[in-house]
Amino acid sequence: MTNPRPEPELSPAWFLGQEVLRLRRALGWPQAKLADKAHMAVSRIGQIENATIPATLDNAKDLDAALGTDGILERLMILVDNPPAIPDWLALFIGFEGRAVSISEYQPMAVPGLLQTEAYARELLTMGRLGRIGHADAIDIQLAARLRRQEIINRTQPPALWFIVEESLLRRPVGGPLVMAAQLGHMVTMSEHPAVNLQVLPEAIGAHPALGGALTVLALPERANVAYLEGSSSGQLFEEAPAVARYGLIYDHLQAHALTPRESVALLRLAQEDMIEMSKTHPQHDLAGADFRKSTRSNTEGQCVEVALNLAAVVPVRDSKFSMEQSPTLTTTPAAWAAFVAGLKG
């Protein structure tokens, strides 16, 4: 079956539909009778009850009037119009992912979620909700869920993890060059994990059968494999054997044309160096709110160094004897700064 129906707690639209079904059956009405009293097509009643096309606010009002439910369905529309921060289609996939013994993932536009740094992931999630107001908390919820998923890698017996990424995404400075440099460095580090196999698909191969979107194939211990396709705002889970086999064949095709893990790491290192160079010619614009503090070694003659340690993605350092406008600011990554400080203490 494709896209199994979500559990009620994962989908307000499904819960509302089931309430309509329960109320209709309690009255002993067929769908046709409810459709007539609510002034809508019989097929629309089926869509609402099965949540294939969720109810609208007008639908809910008409159904309340027909069923005599004193506005309960209209009130439930608050939940339908403000779904959980973790969509039901993603929750279904995460549940399968947590039980998988092998995860084979291809990503054309972004670093796989299991390999993302916190700063990189936050930038993606923030941009993904562009134009949607009142969802600041939702980003934090999604970020926490994404980081929790990464605990899979640290299990005593983690699944076999196969990742294929497009070469082009290595050159996209998500969050700015320094955030991307740190992300690329993290990918290099993760490639050394015994459970992780990371390969880059070179642009030179041209067209291939997975260009349409992200693809993941999950091998599960207690049941047949599943395949998952994901776009920018939706996902689709496939459980039917012919479809899963076809997507498995596509993944095999990508692996055959990808660089070897050793070649891929070399390319990641080059991309990281390019991002560091880019940061020197493209100043970061994320220093707003930097809380600069003077070094405890500063003297009384104005020879002072100030550093801000309160920013998540970058550590800015400057000479305090200049004004804010005049002072040149050196920026580095938190990891590089920590290594520098450790070296001084050593």
# chains A, B, ... in the order shown; residues from 1 in each chain; ligands from 1

$ select_by_dssp --residues "region 135-224 of chain A" --states "alpha helix (DSSP H)" --output "PyMOL selection string"
chain A and resi 136-149+177-190

$ residues_around --residues "region 249-253 of chain A" --least-positions-apart "3" --cutoff "12 Å" --atoms "only C-alpha atoms" --output "number ranges by chain"
A: 103-107, 162-165, 201, 205, 207-212, 214-218, 227-229, 242-246, 256-258

$ closest_residue --among "A:Met190, A:Val111, A:Ala121, A:Leu169" --to "Ile153 (chain A)" --atoms "only C-alpha atoms"
A:Met190

$ closest_residue --among "A:Leu178, A:Met109, A:Leu184, A:Leu309" --to "Ala266 (chain A)" --atoms "only C-alpha atoms"
A:Leu184

$ closest_residue --among "A:Asp62, A:Leu73, A:Leu254, A:Glu19" --to "Ala35 (chain A)" --atoms "only C-alpha atoms"
A:Asp62

$ closest_residue --among "A:Asp58, A:Glu277, A:Glu167, A:Glu151" --to "Glu263 (chain A)" --atoms "only C-alpha atoms"
A:Glu167

$ residues_around --residues "Arg75 (chain A)" --least-positions-apart "2" --cutoff "12 Å" --atoms "only C-alpha atoms" --output "number ranges by chain"
A: 12, 16, 56-58, 60-61, 64, 69-73, 77-82

$ select_by_dssp --residues "region 14-148 of chain A" --states "strand (DSSP E)" --output "list in words"
Ser102, Ile103, Ser104, Glu105, Tyr106 and Gln107 of chain A

$ atom_distance --atom1 "CA of Thr260 (chain A)" --atom2 "CA of Ser168 (chain A)"
16.7 Å

$ decode --residues "region 264-276 of chain A" --atoms "N, CA and C atoms" --output "PDB file, in the first residue's frame"
ATOM      1  N   SER A 264      35.341  10.968  -2.733  1.00  0.00           N
ATOM      2  CA  SER A 264      34.315  11.884  -2.233  1.00  0.00           C
ATOM      3  C   SER A 264      34.830  12.728  -1.081  1.00  0.00           C
ATOM      4  N   VAL A 265      35.571  12.116  -0.167  1.00  0.00           N
ATOM      5  CA  VAL A 265      36.142  12.863   0.960  1.00  0.00           C
ATOM      6  C   VAL A 265      37.117  13.918   0.457  1.00  0.00           C
ATOM      7  N   ALA A 266      37.909  13.567  -0.530  1.00  0.00           N
ATOM      8  CA  ALA A 266      38.852  14.538  -1.101  1.00  0.00           C
ATOM      9  C   ALA A 266      38.102  15.739  -1.677  1.00  0.00           C
ATOM     10  N   LEU A 267      36.974  15.478  -2.330  1.00  0.00           N
ATOM     11  CA  LEU A 267      36.181  16.563  -2.902  1.00  0.00           C
ATOM     12  C   LEU A 267      35.536  17.407  -1.803  1.00  0.00           C
ATOM     13  N   LEU A 268      35.111  16.767  -0.732  1.00  0.00           N
ATOM     14  CA  LEU A 268      34.547  17.493   0.402  1.00  0.00           C
ATOM     15  C   LEU A 268      35.578  18.441   1.011  1.00  0.00           C
ATOM     16  N   ARG A 269      36.802  17.985   1.137  1.00  0.00           N
ATOM     17  CA  ARG A 269      37.866  18.828   1.703  1.00  0.00           C
ATOM     18  C   ARG A 269      38.135  20.036   0.801  1.00  0.00           C
ATOM     19  N   LEU A 270      38.143  19.816  -0.491  1.00  0.00           N
ATOM     20  CA  LEU A 270      38.350  20.930  -1.417  1.00  0.00           C
ATOM     21  C   LEU A 270      37.210  21.940  -1.319  1.00  0.00           C
ATOM     22  N   ALA A 271      35.980  21.444  -1.230  1.00  0.00           N
ATOM     23  CA  ALA A 271      34.830  22.323  -1.109  1.00  0.00           C
ATOM     24  C   ALA A 271      34.884  23.118   0.193  1.00  0.00           C
ATOM     25  N   GLN A 272      35.358  22.476   1.254  1.00  0.00           N
ATOM     26  CA  GLN A 272      35.493  23.172   2.533  1.00  0.00           C
ATOM     27  C   GLN A 272      36.515  24.303   2.427  1.00  0.00           C
ATOM     28  N   GLU A 273      37.635  24.041   1.781  1.00  0.00           N
ATOM     29  CA  GLU A 273      38.653  25.074   1.583  1.00  0.00           C
ATOM     30  C   GLU A 273      38.089  26.234   0.769  1.00  0.00           C
ATOM     31  N   ASP A 274      37.273  25.920  -0.238  1.00  0.00           N
ATOM     32  CA  ASP A 274      36.660  26.965  -1.055  1.00  0.00           C
ATOM     33  C   ASP A 274      35.722  27.832  -0.215  1.00  0.00           C
ATOM     34  N   MET A 275      34.986  27.198   0.702  1.00  0.00           N
ATOM     35  CA  MET A 275      34.083  27.962   1.559  1.00  0.00           C
ATOM     36  C   MET A 275      34.859  28.882   2.494  1.00  0.00           C
ATOM     37  N   ILE A 276      35.972  28.410   3.009  1.00  0.00           N
ATOM     38  CA  ILE A 276      36.795  29.243   3.890  1.00  0.00           C
ATOM     39  C   ILE A 276      37.348  30.434   3.122  1.00  0.00           C
TER      40      ILE A 276
END
